[in-house]
$ cat structure.csv   # CSV, C-alpha atoms and all ligand atoms
chain,number,residue,atom,x,y,z
U,3,MET,CA,-100.8,-39.4,-47.3
U,4,SER,CA,-100.0,-43.0,-46.5
U,5,THR,CA,-102.6,-45.1,-44.8
U,6,THR,CA,-100.2,-47.0,-42.5
U,7,ALA,CA,-99.1,-45.3,-39.3
U,8,GLU,CA,-95.9,-43.4,-39.9
U,9,ALA,CA,-92.9,-44.6,-38.0
U,10,THR,CA,-91.8,-42.1,-35.4
U,11,ILE,CA,-88.9,-41.7,-33.0
U,12,ASP,CA,-89.6,-41.0,-29.3
U,13,VAL,CA,-87.4,-37.9,-28.9
U,14,ARG,CA,-86.7,-36.2,-25.5
U,15,VAL,CA,-85.2,-32.8,-25.7
U,16,TRP,CA,-83.8,-30.7,-22.9
U,17,ARG,CA,-85.7,-27.5,-22.4
U,18,GLY,CA,-84.5,-24.7,-20.1
U,19,GLY,CA,-81.1,-23.7,-18.7
U,20,GLU,CA,-79.1,-25.5,-16.0
U,21,LYS,CA,-82.5,-26.2,-14.5
U,22,GLY,CA,-85.3,-27.5,-16.7
U,23,GLU,CA,-86.8,-30.7,-18.0
U,24,TYR,CA,-86.9,-33.1,-20.9
U,25,GLN,CA,-89.8,-32.5,-23.3
U,26,SER,CA,-91.0,-35.4,-25.5
U,27,PHE,CA,-91.7,-35.1,-29.2
U,28,ALA,CA,-92.7,-37.8,-31.8
U,29,VAL,CA,-90.6,-37.1,-34.8
U,30,PRO,CA,-91.1,-38.9,-38.1
U,31,ARG,CA,-88.4,-41.5,-38.9
U,32,ARG,CA,-86.6,-41.0,-42.2
U,33,ASP,CA,-83.9,-42.9,-44.0
U,34,SER,CA,-80.3,-41.6,-43.3
U,35,GLN,CA,-81.7,-39.2,-40.8
U,36,THR,CA,-79.2,-37.4,-38.6
U,37,VAL,CA,-79.7,-36.3,-35.0
U,38,LEU,CA,-79.4,-32.7,-36.3
U,39,ASP,CA,-82.3,-33.5,-38.8
U,40,VAL,CA,-84.4,-34.5,-35.8
U,41,VAL,CA,-83.7,-31.3,-33.9
U,42,THR,CA,-84.4,-29.2,-37.0
U,43,TRP,CA,-87.6,-31.0,-37.6
U,44,ILE,CA,-88.8,-30.2,-34.0
U,45,GLN,CA,-87.9,-26.6,-34.5
U,46,ARG,CA,-89.6,-26.3,-37.8
U,47,HIS,CA,-92.7,-28.4,-37.1
U,48,ALA,CA,-93.3,-28.6,-33.4
U,49,ASP,CA,-91.7,-25.7,-31.5
U,50,PRO,CA,-89.9,-22.8,-33.2
U,51,THR,CA,-88.6,-21.6,-29.8
U,52,LEU,CA,-86.2,-24.5,-29.5
U,53,ALA,CA,-82.6,-23.2,-29.2
U,54,TYR,CA,-79.7,-25.1,-30.7
U,55,ARG,CA,-76.6,-24.4,-32.8
U,56,PHE,CA,-75.3,-25.5,-36.1
U,57,ALA,CA,-73.7,-24.1,-39.2
U,58,CYS,CA,-72.2,-26.3,-41.9
U,59,ARG,CA,-74.2,-29.5,-41.5
U,60,VAL,CA,-71.3,-31.5,-43.0
U,61,GLY,CA,-68.9,-32.0,-40.1
U,62,VAL,CA,-66.6,-29.0,-40.7
U,63,CYS,CA,-67.5,-26.2,-38.3
U,64,GLY,CA,-67.8,-28.1,-35.1
U,65,SER,CA,-70.8,-26.1,-33.8
U,66,CYS,CA,-73.5,-28.8,-33.6
U,67,ALA,CA,-72.3,-31.0,-30.7
U,68,MET,CA,-74.9,-32.2,-28.2
U,69,THR,CA,-75.3,-35.0,-25.7
U,70,VAL,CA,-77.2,-37.8,-27.5
U,71,ASN,CA,-78.3,-40.8,-25.4
U,72,GLY,CA,-75.6,-39.9,-22.8
U,73,ARG,CA,-72.7,-39.5,-25.1
U,74,PRO,CA,-71.4,-36.3,-26.7
U,75,ARG,CA,-71.7,-36.4,-30.5
U,76,TRP,CA,-71.4,-34.1,-33.6
U,77,THR,CA,-75.1,-34.2,-34.4
U,78,CYS,CA,-74.9,-33.3,-38.1
U,79,ARG,CA,-72.9,-36.5,-38.9
U,80,THR,CA,-74.4,-38.8,-36.3
U,81,HIS,CA,-77.1,-41.0,-37.9
U,82,VAL,CA,-80.1,-41.7,-35.8
U,83,SER,CA,-79.7,-45.4,-36.6
U,84,LYS,CA,-76.3,-45.4,-34.8
U,85,VAL,CA,-77.6,-44.0,-31.5
U,86,ILE,CA,-81.2,-44.9,-31.2
U,87,GLU,CA,-82.0,-47.2,-28.2
U,88,ASP,CA,-85.5,-48.9,-28.1
U,89,GLY,CA,-86.9,-46.3,-30.4
U,90,ARG,CA,-85.8,-43.5,-28.1
U,91,VAL,CA,-83.3,-40.6,-28.5
U,92,GLU,CA,-82.5,-38.2,-25.7
U,93,ILE,CA,-80.9,-35.0,-26.7
U,94,GLY,CA,-79.3,-32.5,-24.3
U,95,PRO,CA,-76.7,-29.8,-24.4
U,96,LEU,CA,-73.0,-30.6,-24.2
U,97,ALA,CA,-71.9,-31.5,-20.7
U,98,ASN,CA,-69.2,-29.7,-18.6
U,99,LEU,CA,-70.3,-26.3,-19.9
U,100,PRO,CA,-72.8,-23.8,-18.8
U,101,VAL,CA,-76.2,-24.2,-20.5
U,102,ILE,CA,-77.4,-21.1,-22.3
U,103,ARG,CA,-80.8,-22.5,-23.3
U,104,ASP,CA,-82.2,-25.8,-24.4
U,105,LEU,CA,-79.5,-27.4,-26.6
U,106,ALA,CA,-77.1,-24.5,-26.8
U,107,ALA,CA,-74.1,-24.7,-24.4
U,108,ASP,CA,-71.8,-21.8,-23.7
U,109,LEU,CA,-68.3,-22.7,-25.0
U,110,THR,CA,-66.6,-19.7,-23.5
U,111,PRO,CA,-64.7,-21.7,-20.8
U,112,PHE,CA,-63.7,-24.2,-23.4
U,113,PHE,CA,-62.0,-21.5,-25.5
U,114,GLU,CA,-60.6,-19.6,-22.5
U,115,LYS,CA,-58.7,-22.8,-21.6
U,116,TRP,CA,-57.2,-23.0,-25.1
U,117,GLN,CA,-55.7,-19.6,-24.3
U,118,LYS,CA,-54.5,-20.7,-20.9
U,119,ALA,CA,-52.9,-23.7,-22.4
U,120,GLU,CA,-51.0,-21.3,-24.8
U,121,GLY,CA,-52.8,-22.9,-27.7
U,122,THR,CA,-51.9,-20.1,-30.1
U,123,PHE,CA,-49.1,-20.2,-32.6
U,124,VAL,CA,-46.1,-18.0,-31.8
U,125,PRO,CA,-44.2,-17.3,-35.0
U,126,SER,CA,-40.4,-17.6,-34.9
U,127,ARG,CA,-39.9,-15.5,-38.1
U,128,THR,CA,-41.3,-12.2,-39.2
U,129,ARG,CA,-43.1,-11.6,-42.5
U,130,HIS,CA,-39.9,-10.2,-43.9
U,131,GLU,CA,-38.0,-13.4,-43.6
U,132,PRO,CA,-38.4,-16.2,-46.1
U,133,LEU,CA,-40.8,-19.1,-45.4
U,134,GLU,CA,-39.4,-22.0,-43.6
U,135,THR,CA,-39.3,-25.2,-45.7
U,136,ILE,CA,-40.7,-28.1,-43.8
U,137,SER,CA,-40.6,-31.7,-45.0
U,138,PRO,CA,-44.0,-33.3,-44.7
U,139,GLU,CA,-42.1,-36.6,-43.9
U,140,SER,CA,-40.2,-35.2,-40.9
U,141,PRO,CA,-41.2,-36.9,-37.6
U,142,GLU,CA,-41.9,-33.5,-36.0
U,143,ARG,CA,-44.3,-32.6,-38.8
U,144,GLN,CA,-46.0,-36.0,-38.7
U,145,ALA,CA,-46.5,-35.6,-34.9
U,146,ALA,CA,-47.9,-32.1,-35.4
U,147,ASN,CA,-50.2,-33.4,-38.2
U,148,ALA,CA,-51.6,-36.2,-36.1
U,149,ALA,CA,-53.2,-33.8,-33.8
U,150,ILE,CA,-54.1,-31.0,-36.1
U,151,GLU,CA,-57.5,-31.7,-37.6
U,152,CYS,CA,-59.5,-30.6,-34.5
U,153,ILE,CA,-62.7,-28.8,-35.4
U,154,ASN,CA,-63.2,-27.3,-31.8
U,155,CYS,CA,-66.5,-29.2,-31.4
U,156,GLY,CA,-66.1,-29.7,-27.6
U,157,VAL,CA,-67.1,-33.4,-27.8
U,158,CYS,CA,-63.9,-34.6,-26.0
U,159,TYR,CA,-64.3,-31.8,-23.4
U,160,ALA,CA,-67.8,-32.9,-22.6
U,161,ALA,CA,-66.7,-36.6,-22.4
U,162,CYS,CA,-63.9,-36.0,-20.0
U,163,ASP,CA,-64.7,-36.7,-16.4
U,164,THR,CA,-61.5,-35.1,-15.3
U,165,VAL,CA,-62.9,-31.8,-16.6
U,166,ARG,CA,-66.0,-32.5,-14.7
U,167,TRP,CA,-64.2,-33.3,-11.5
U,168,SER,CA,-61.5,-30.6,-11.6
U,169,PRO,CA,-62.9,-27.5,-13.2
U,170,GLU,CA,-59.5,-25.9,-13.7
U,171,TYR,CA,-58.3,-28.7,-16.0
U,172,PHE,CA,-57.7,-27.4,-19.5
U,173,GLY,CA,-59.2,-30.6,-21.1
U,174,PRO,CA,-58.3,-32.8,-24.0
U,175,ALA,CA,-58.9,-30.4,-26.9
U,176,ALA,CA,-56.7,-27.5,-25.5
U,177,LEU,CA,-53.9,-29.9,-24.6
U,178,ASN,CA,-54.2,-31.7,-28.0
U,179,ARG,CA,-53.7,-28.3,-29.6
U,180,SER,CA,-50.8,-27.6,-27.3
U,181,TRP,CA,-49.1,-30.9,-28.4
U,182,SER,CA,-49.6,-30.0,-32.0
U,183,LEU,CA,-47.8,-26.7,-31.5
U,184,VAL,CA,-45.0,-28.3,-29.4
U,185,ASN,CA,-44.2,-30.4,-32.4
U,186,ASP,CA,-44.4,-27.5,-34.8
U,187,VAL,CA,-40.8,-26.5,-35.6
U,188,ARG,CA,-41.8,-23.0,-36.8
U,189,ASP,CA,-43.2,-22.2,-33.3
U,190,ALA,CA,-41.2,-20.2,-30.8
U,191,GLY,CA,-43.5,-20.4,-27.8
U,192,ASN,CA,-42.7,-23.7,-26.4
U,193,LEU,CA,-41.2,-22.9,-23.0
U,194,LYS,CA,-44.3,-20.9,-22.0
U,195,ARG,CA,-46.5,-23.6,-23.5
U,196,LEU,CA,-44.7,-26.4,-21.6
U,197,ALA,CA,-44.9,-24.4,-18.4
U,198,ALA,CA,-48.7,-24.1,-18.9
U,199,ALA,CA,-48.9,-27.8,-19.7
U,200,ALA,CA,-47.2,-28.6,-16.4
U,201,SER,CA,-49.3,-26.1,-14.4
U,202,ASN,CA,-52.2,-27.0,-12.2
U,203,GLY,CA,-54.7,-27.2,-15.0
U,204,GLY,CA,-52.3,-29.0,-17.2
U,205,CYS,CA,-51.6,-32.4,-18.7
U,206,HIS,CA,-50.7,-34.2,-15.4
U,207,ASN,CA,-54.4,-34.1,-14.4
U,208,CYS,CA,-55.3,-36.6,-17.2
U,209,HIS,CA,-56.1,-40.1,-16.1
U,210,SER,CA,-55.9,-41.6,-19.6
U,211,HIS,CA,-59.6,-42.6,-19.5
U,212,GLN,CA,-59.6,-42.3,-23.2
U,213,SER,CA,-63.2,-41.2,-23.4
U,214,CYS,CA,-61.9,-38.3,-25.5
U,215,GLU,CA,-60.2,-40.6,-27.9
U,216,GLN,CA,-63.2,-42.9,-28.1
U,217,LEU,CA,-65.6,-40.1,-29.0
U,218,CYS,CA,-63.6,-37.5,-31.0
U,219,PRO,CA,-65.5,-37.4,-34.3
U,220,GLN,CA,-62.3,-36.5,-36.1
U,221,GLY,CA,-60.7,-39.7,-35.0
U,222,LEU,CA,-58.0,-37.7,-33.1
U,223,ASN,CA,-56.3,-39.1,-30.0
U,224,PRO,CA,-56.0,-36.4,-27.3
U,225,THR,CA,-55.0,-39.2,-24.8
U,226,ALA,CA,-51.8,-39.8,-26.9
U,227,SER,CA,-51.2,-36.1,-27.3
U,228,ILE,CA,-51.5,-35.5,-23.5
U,229,ALA,CA,-49.2,-38.5,-22.9
U,230,GLY,CA,-46.6,-36.8,-25.2
U,231,LEU,CA,-47.0,-33.6,-23.1
U,232,LYS,CA,-46.5,-35.5,-19.9
U,233,ARG,CA,-43.2,-36.9,-21.2
U,234,ARG,CA,-42.1,-33.6,-22.7
U,235,THR,CA,-42.8,-31.5,-19.6
U,236,MET,CA,-41.0,-34.1,-17.5
U,237,GLN,CA,-37.9,-33.8,-19.8
U,238,ALA,CA,-38.1,-30.0,-19.7
U,239,TYR,CA,-38.3,-30.1,-15.9
U,240,ILE,CA,-35.3,-32.4,-15.6
U,241,ARG,CA,-33.3,-30.1,-17.8
U,242,GLY,CA,-34.3,-27.2,-15.7
U,243,GLU,CA,-36.2,-25.4,-18.5
U,244,ILE,CA,-39.4,-25.2,-16.5
U,245,SER,CA,-39.9,-25.2,-12.8
T,6,MET,CA,-89.2,-35.0,-15.1
T,7,SER,CA,-85.6,-34.4,-14.8
T,8,THR,CA,-83.6,-31.5,-13.5
T,9,GLN,CA,-80.3,-32.6,-15.0
T,10,PRO,CA,-79.5,-32.0,-18.6
T,11,HIS,CA,-76.9,-34.7,-19.1
T,12,ASN,CA,-76.9,-38.3,-18.5
T,13,THR,CA,-73.6,-40.2,-18.6
T,14,ALA,CA,-74.0,-43.4,-20.6
T,15,TYR,CA,-70.3,-43.1,-21.7
T,16,ARG,CA,-69.4,-44.4,-18.2
T,17,SER,CA,-70.4,-47.9,-19.3
T,18,ASP,CA,-67.7,-47.8,-22.0
T,19,ARG,CA,-65.0,-50.4,-21.4
T,20,LEU,CA,-62.1,-48.1,-21.1
T,21,TRP,CA,-63.9,-45.8,-18.6
T,22,LEU,CA,-64.8,-48.9,-16.5
T,23,ALA,CA,-61.1,-50.1,-16.7
T,24,ALA,CA,-59.9,-46.7,-15.3
T,25,MET,CA,-62.6,-46.8,-12.6
T,26,VAL,CA,-61.9,-50.4,-11.6
T,27,HIS,CA,-58.2,-49.5,-11.4
T,28,ARG,CA,-58.9,-46.6,-9.1
T,29,VAL,CA,-61.3,-48.4,-6.8
T,30,SER,CA,-58.9,-51.3,-6.5
T,31,GLY,CA,-56.3,-48.7,-5.3
T,32,VAL,CA,-58.7,-47.3,-2.7
T,33,LEU,CA,-59.6,-50.8,-1.5
T,34,LEU,CA,-56.0,-51.8,-1.3
T,35,ALA,CA,-55.2,-48.7,0.8
T,36,ALA,CA,-58.0,-49.7,3.1
T,37,PHE,CA,-57.4,-53.5,3.5
T,38,LEU,CA,-53.6,-53.9,3.2
T,39,PRO,CA,-52.9,-52.1,6.5
T,40,LEU,CA,-55.6,-54.2,8.1
T,41,HIS,CA,-54.0,-57.4,6.7
T,42,PHE,CA,-50.6,-56.4,8.1
T,43,LEU,CA,-52.1,-55.4,11.4
T,44,VAL,CA,-53.7,-58.8,11.9
T,45,LEU,CA,-50.5,-60.5,10.8
T,46,GLY,CA,-48.5,-58.4,13.3
T,47,LEU,CA,-50.9,-59.0,16.2
T,48,ALA,CA,-51.0,-62.7,15.5
T,49,ILE,CA,-47.3,-63.3,15.6
T,50,GLU,CA,-46.5,-61.4,18.8
T,51,SER,CA,-46.2,-64.7,20.7
T,52,GLU,CA,-45.7,-68.3,19.6
T,53,GLY,CA,-49.0,-69.6,21.0
T,54,GLN,CA,-50.8,-66.9,19.2
T,55,LEU,CA,-49.1,-67.8,16.0
T,56,ASP,CA,-50.4,-71.3,16.2
T,57,SER,CA,-53.9,-70.2,16.7
T,58,PHE,CA,-53.4,-67.7,14.0
T,59,LEU,CA,-52.3,-70.4,11.5
T,60,GLN,CA,-55.3,-72.4,12.5
T,61,TRP,CA,-57.5,-69.3,11.9
T,62,THR,CA,-56.0,-68.8,8.4
T,63,LYS,CA,-57.3,-72.2,7.4
T,64,SER,CA,-60.9,-71.0,7.6
T,65,PRO,CA,-62.6,-70.6,4.2
T,66,LEU,CA,-63.6,-67.0,4.9
T,67,VAL,CA,-60.0,-66.0,5.4
T,68,LYS,CA,-58.9,-67.8,2.3
T,69,LEU,CA,-61.6,-66.0,0.4
T,70,ALA,CA,-60.5,-62.7,1.8
T,71,GLU,CA,-56.9,-63.3,1.0
T,72,THR,CA,-57.9,-64.2,-2.6
T,73,GLY,CA,-59.8,-61.0,-2.8
T,74,LEU,CA,-56.6,-59.1,-1.7
T,75,VAL,CA,-54.6,-60.9,-4.4
T,76,LEU,CA,-57.2,-60.1,-6.9
T,77,LEU,CA,-57.0,-56.4,-5.9
T,78,LEU,CA,-53.2,-56.5,-6.1
T,79,ALA,CA,-53.3,-58.1,-9.5
T,80,ILE,CA,-55.9,-55.6,-10.9
T,81,HIS,CA,-54.0,-52.7,-9.5
T,82,LEU,CA,-50.6,-53.9,-10.8
T,83,LEU,CA,-51.8,-54.8,-14.3
T,84,GLY,CA,-54.0,-51.6,-14.5
T,85,GLY,CA,-50.9,-49.6,-13.5
T,86,LEU,CA,-48.8,-51.3,-16.2
T,87,ARG,CA,-51.5,-50.6,-18.7
T,88,VAL,CA,-51.4,-46.8,-17.9
T,89,LEU,CA,-47.6,-46.9,-18.0
T,90,VAL,CA,-47.6,-48.5,-21.5
T,91,ILE,CA,-50.3,-45.9,-22.7
T,92,GLU,CA,-48.3,-43.0,-21.4
T,93,ASN,CA,-44.8,-44.0,-22.1
T,94,MET,CA,-44.7,-46.2,-25.2
T,95,PRO,CA,-45.7,-45.3,-28.8
T,96,TRP,CA,-49.4,-45.5,-29.1
T,97,ARG,CA,-50.9,-48.8,-30.0
T,98,ASN,CA,-54.5,-49.5,-31.0
T,99,GLY,CA,-56.6,-52.2,-29.4
T,100,GLN,CA,-56.8,-50.5,-26.0
T,101,LYS,CA,-60.1,-52.2,-25.3
T,102,ARG,CA,-58.6,-55.6,-25.9
T,103,MET,CA,-55.7,-54.6,-23.6
T,104,ALA,CA,-58.0,-53.7,-20.8
T,105,THR,CA,-60.0,-56.9,-21.2
T,106,LEU,CA,-56.8,-59.0,-21.2
T,107,ALA,CA,-55.6,-57.2,-18.0
T,108,ALA,CA,-58.9,-58.0,-16.3
T,109,ALA,CA,-58.8,-61.6,-17.4
T,110,ALA,CA,-55.2,-62.0,-16.3
T,111,ALA,CA,-56.0,-60.5,-12.8
T,112,VAL,CA,-58.9,-62.9,-12.4
T,113,GLY,CA,-56.6,-65.8,-13.6
T,114,ILE,CA,-53.9,-64.9,-11.1
T,115,ALA,CA,-56.4,-64.8,-8.2
T,116,GLY,CA,-57.9,-68.1,-9.4
T,117,VAL,CA,-54.5,-69.8,-9.3
T,118,PHE,CA,-53.9,-68.4,-5.9
T,119,LEU,CA,-57.2,-69.7,-4.6
T,120,ILE,CA,-56.6,-73.2,-6.0
T,121,ALA,CA,-53.1,-73.2,-4.5
T,122,LEU,CA,-54.7,-72.3,-1.1
T,123,LEU,CA,-57.4,-75.0,-1.2
U,301,LIG,S1,-57.8,-39.4,-21.5
U,301,LIG,FE1,-57.4,-37.5,-20.3
U,301,LIG,S2,-58.3,-35.9,-21.4
U,301,LIG,FE2,-59.1,-37.8,-22.3
U,301,LIG,S3,-61.1,-38.1,-21.3
U,301,LIG,FE3,-59.5,-39.2,-20.1
U,301,LIG,S4,-58.8,-37.7,-18.5
U,301,LIG,FE4,-59.9,-36.6,-20.1
U,302,LIG,S1,-60.1,-33.1,-30.3
U,302,LIG,FE1,-61.8,-34.0,-31.4
U,302,LIG,S2,-63.5,-34.1,-30.0
U,302,LIG,FE2,-62.0,-32.6,-29.2
U,302,LIG,S3,-62.7,-30.6,-29.9
U,302,LIG,FE3,-61.2,-31.4,-31.4
U,302,LIG,S4,-62.4,-32.5,-32.9
U,302,LIG,FE4,-63.7,-32.2,-31.2
U,303,LIG,S1,-73.0,-28.4,-38.2
U,303,LIG,FE1,-70.9,-28.1,-38.6
U,303,LIG,S2,-70.0,-29.8,-37.7
U,303,LIG,FE2,-72.1,-30.2,-37.4
$ encode --input "structure.csv" --output "structure tokens"
Amino acid sequence: MSTTAEATIDVRVWRGGEKGEYQSFAVPRRDSQTVLDVVTWIQRHADPTLAYRFACRVGVCGSCAMTVNGRPRWTCRTHVSKVIEDGRVEIGPLANLPVIRDLAADLTPFFEKWQKAEGTFVPSRTRHEPLETISPESPERQAANAAIECINCGVCYAACDTVRWSPEYFGPAALNRSWSLVNDVRDAGNLKRLAAAASNGGCHNCHSHQSCEQLCPQGLNPTASIAGLKRRTMQAYIRGEIS
Amino acid sequence: MSTQPHNTAYRSDRLWLAAMVHRVSGVLLAAFLPLHFLVLGLAIESEGQLDSFLQWTKSPLVKLAETGLVLLLAIHLLGGLRVLVIENMPWRNGQKRMATLAAAAAVGIAGVFLIALL
């Protein structure tokens, strides 16, 4: 054991459901430590009843997002050194979603809104037809690719005040997905999708705050996707394709 | 002890502030512009009143208030242009710089107005 006092982080972790309180833990500071490492340390060494969610630990599955010092983050890829303020880290569940317990938020509304936004692929060919050849260089494919690497982490949804202020709003992730499919030439569901995008919960709610774009861990730009939807729904409306 | 699981530090981010300043400037304009026109309308109902009104507009307080109105107008106009560019032109990076430039330009316009008034 070292004789010098070990450096620790002053961690405050949300305990409870919608109502609860922050509980303090002193967690040993390590090199290259991630916020998920901190949460895991607490669960293993201080309180095994702490509820939180993760799976891959390498930024692929999108299940580890939490609110860290007031901003939503993917905790497995967020280094403590990046977010620590005056030796303190405050960790809560993702915002704009019901709290199940402690750090676990219920993502059901988030995924329901993907469905409402028609965020599912609608094939235009059956399995008996030959595969469509798509040039990776075509502008449509590039537009679809720009929005496609979403890991469904919910960070943008938690960062969006429009979601907070109008609960029916689909939110950045669902609309970003919608935009990806709108640009997918293989998809046959666009009229329904554009009608959904133009509906009450749709793209015209967005105020272009860009909190989603600033915080998306995948570097995606839902603001730009939603702006694309705003233009495309307007065109469809003028052409009389949607009402 | 806190009963709220989330705090909202992201609201101090520059682009969030830009959106909020744009919004608040709109609300303030909606509140003060009609007042401005009302005063103007009342003051020019008769000639004598116009003279005393013109005298009144020379007071520093009125000059400051008018500058404030110009600042609000400039903020709201430039903020609106910024949103139009974001939503209707191909995406460009450097949004934070754009927001800062818009704010600086609005303050500049109001400053020039104030100097011209003095
Ligand atoms: S740009 Fe639109 S979707 Fe993104 S945070 Fe702002 S309001 Fe929400
Ligand atoms: S768009 Fe980005 S922040 Fe939003 S869910 Fe997808 S990966 Fe997460
Ligand atoms: S645990 Fe999979 S993305 Fe963080």
$ closest_residue --input "structure.csv" --among "U:Cys155, U:Leu222, U:Cys214, U:Leu99" --to "ligand LIG 301 (chain U)" --atoms "all atoms listed in the file"
U:Cys214
$ residues_near_ligand --input "structure.csv" --ligand "ligand LIG 301 (chain U)" --cutoff "6 Å" --atoms "all atoms listed in the file" --output "PyMOL selection string"
chain U and resi 161-162+164+173-174+208-214+225
$ closest_residue --input "structure.csv" --among "T:Leu66, T:Ile80, T:Ala24, T:Leu38" --to "Ala107 in chain T" --atoms "all atoms listed in the file"
T:Ile80
$ residues_near_ligand --input "structure.csv" --ligand "ligand LIG 303 (chain U)" --cutoff "9 Å" --atoms "only C-alpha atoms and all ligand atoms" --output "ChimeraX atom specification"
/U:38,55-67,76-80,153,155
$ atom_distance --input "structure.csv" --atom1 "CA of Glu131 in chain U" --atom2 "CA of Leu193 in chain U"
22.9 Å
$ closest_residue --input "structure.csv" --among "T:Val32, T:Leu83, T:Met94, T:Val75" --to "chain U" --atoms "all atoms listed in the file"
T:Met94
$ residues_near_point --input "structure.csv" --point "(-50.0, -28.1, -30.6)" --cutoff "10 Å" --atoms "all atoms listed in the file" --output "list in words"
Ala119, Glu120, Gly121, Thr122, Phe123, Ala145, Ala146, Asn147, Ala148, Ala149, Ile150, Ala175, Ala176, Leu177, Asn178, Arg179, Ser180, Trp181, Ser182, Leu183, Val184, Asn185, Asp186, Asp189, Asn192, Arg195, Ser227 and Leu231 of chain U
$ interface_residues --input "structure.csv" --of "chain T" --to "chain U" --cutoff "9 Å" --atoms "all atoms listed in the file" --output "list in words"
Met6, Ser7, Thr8, Gln9, Pro10, His11, Asn12, Thr13, Ala14, Tyr15, Arg16, Asp18, Leu20, Trp21, Leu22, Ala23, Ala24, Met25, Val88, Ile91, Glu92, Asn93, Pro95 and Trp96 of chain T
$ atom_distance --input "structure.csv" --atom1 "CA of Met103 in chain T" --atom2 "CA of Gly73 in chain T"
22.1 Å
$ residues_around --input "structure.csv" --residues "Leu82 in chain T" --least-positions-apart "5" --cutoff "10 Å" --atoms "only C-alpha atoms" --output "compact mmCIF listing (two decimals) with C-alpha atoms, in the frame of the given file"
# COMPACT_ATOMS: atom_id res chain seq x y z
CA HIS T 27 -58.20 -49.50 -11.40
CA SER T 30 -58.90 -51.30 -6.50
CA GLY T 31 -56.30 -48.70 -5.30
CA LEU T 76 -57.20 -60.10 -6.90
CA LEU T 77 -57.00 -56.40 -5.90
CA ARG T 87 -51.50 -50.60 -18.70
CA ALA T 107 -55.60 -57.20 -18.00
CA ALA T 111 -56.00 -60.50 -12.80
$ closest_residue --input "structure.csv" --among "U:Tyr54, U:Phe27, U:Trp43, U:Phe172" --to "ligand LIG 302 (chain U)" --atoms "all atoms listed in the file"
U:Phe172
$ residues_around --input "structure.csv" --residues "Thr235 in chain U" --least-positions-apart "4" --cutoff "8 Å" --atoms "all atoms listed in the file" --output "PDB file with C-alpha atoms, in the coordinates of the input"
ATOM      1  CA  LEU U 196     -44.700 -26.400 -21.600  1.00  0.00           C
ATOM      2  CA  ALA U 197     -44.900 -24.400 -18.400  1.00  0.00           C
ATOM      3  CA  ALA U 199     -48.900 -27.800 -19.700  1.00  0.00           C
ATOM      4  CA  ALA U 200     -47.200 -28.600 -16.400  1.00  0.00           C
ATOM      5  CA  LEU U 231     -47.000 -33.600 -23.100  1.00  0.00           C
ATOM      6  CA  TYR U 239     -38.300 -30.100 -15.900  1.00  0.00           C
ATOM      7  CA  ILE U 244     -39.400 -25.200 -16.500  1.00  0.00           C
TER       8      ILE U 244
END
$ atom_distance --input "structure.csv" --atom1 "CA of Glu170 in chain U" --atom2 "CA of Gly203 in chain U"
5.1 Å
$ residues_around --input "structure.csv" --residues "range 119-121 of chain T" --least-positions-apart "5" --cutoff "9 Å" --atoms "all atoms listed in the file" --output "JSON, numbers by chain"
{"T": [68, 69, 71, 72, 114]}
$ residues_around --input "structure.csv" --residues "Val40 in chain U" --least-positions-apart "5" --cutoff "12 Å" --atoms "only C-alpha atoms" --output "short mmCIF file (atom, residue, chain, number, x, y, z; two decimals) with C-alpha atoms, keeping the file's coordinate frame"
data_model
loop_
_atom_site.label_atom_id
_atom_site.label_comp_id
_atom_site.auth_asym_id
_atom_site.auth_seq_id
_atom_site.Cartn_x
_atom_site.Cartn_y
_atom_site.Cartn_z
CA THR U 10 -91.80 -42.10 -35.40
CA ILE U 11 -88.90 -41.70 -33.00
CA ASP U 12 -89.60 -41.00 -29.30
CA VAL U 13 -87.40 -37.90 -28.90
CA ARG U 14 -86.70 -36.20 -25.50
CA VAL U 15 -85.20 -32.80 -25.70
CA PHE U 27 -91.70 -35.10 -29.20
CA ALA U 28 -92.70 -37.80 -31.80
CA VAL U 29 -90.60 -37.10 -34.80
CA PRO U 30 -91.10 -38.90 -38.10
CA ARG U 31 -88.40 -41.50 -38.90
CA ARG U 32 -86.60 -41.00 -42.20
CA ASP U 33 -83.90 -42.90 -44.00
CA SER U 34 -80.30 -41.60 -43.30
CA GLN U 35 -81.70 -39.20 -40.80
CA GLN U 45 -87.90 -26.60 -34.50
CA ARG U 46 -89.60 -26.30 -37.80
CA HIS U 47 -92.70 -28.40 -37.10
CA ALA U 48 -93.30 -28.60 -33.40
CA LEU U 52 -86.20 -24.50 -29.50
CA TYR U 54 -79.70 -25.10 -30.70
CA VAL U 70 -77.20 -37.80 -27.50
CA THR U 77 -75.10 -34.20 -34.40
CA CYS U 78 -74.90 -33.30 -38.10
CA THR U 80 -74.40 -38.80 -36.30
CA HIS U 81 -77.10 -41.00 -37.90
CA VAL U 82 -80.10 -41.70 -35.80
CA SER U 83 -79.70 -45.40 -36.60
CA ILE U 86 -81.20 -44.90 -31.20
CA ARG U 90 -85.80 -43.50 -28.10
CA VAL U 91 -83.30 -40.60 -28.50
CA GLU U 92 -82.50 -38.20 -25.70
CA ILE U 93 -80.90 -35.00 -26.70
#
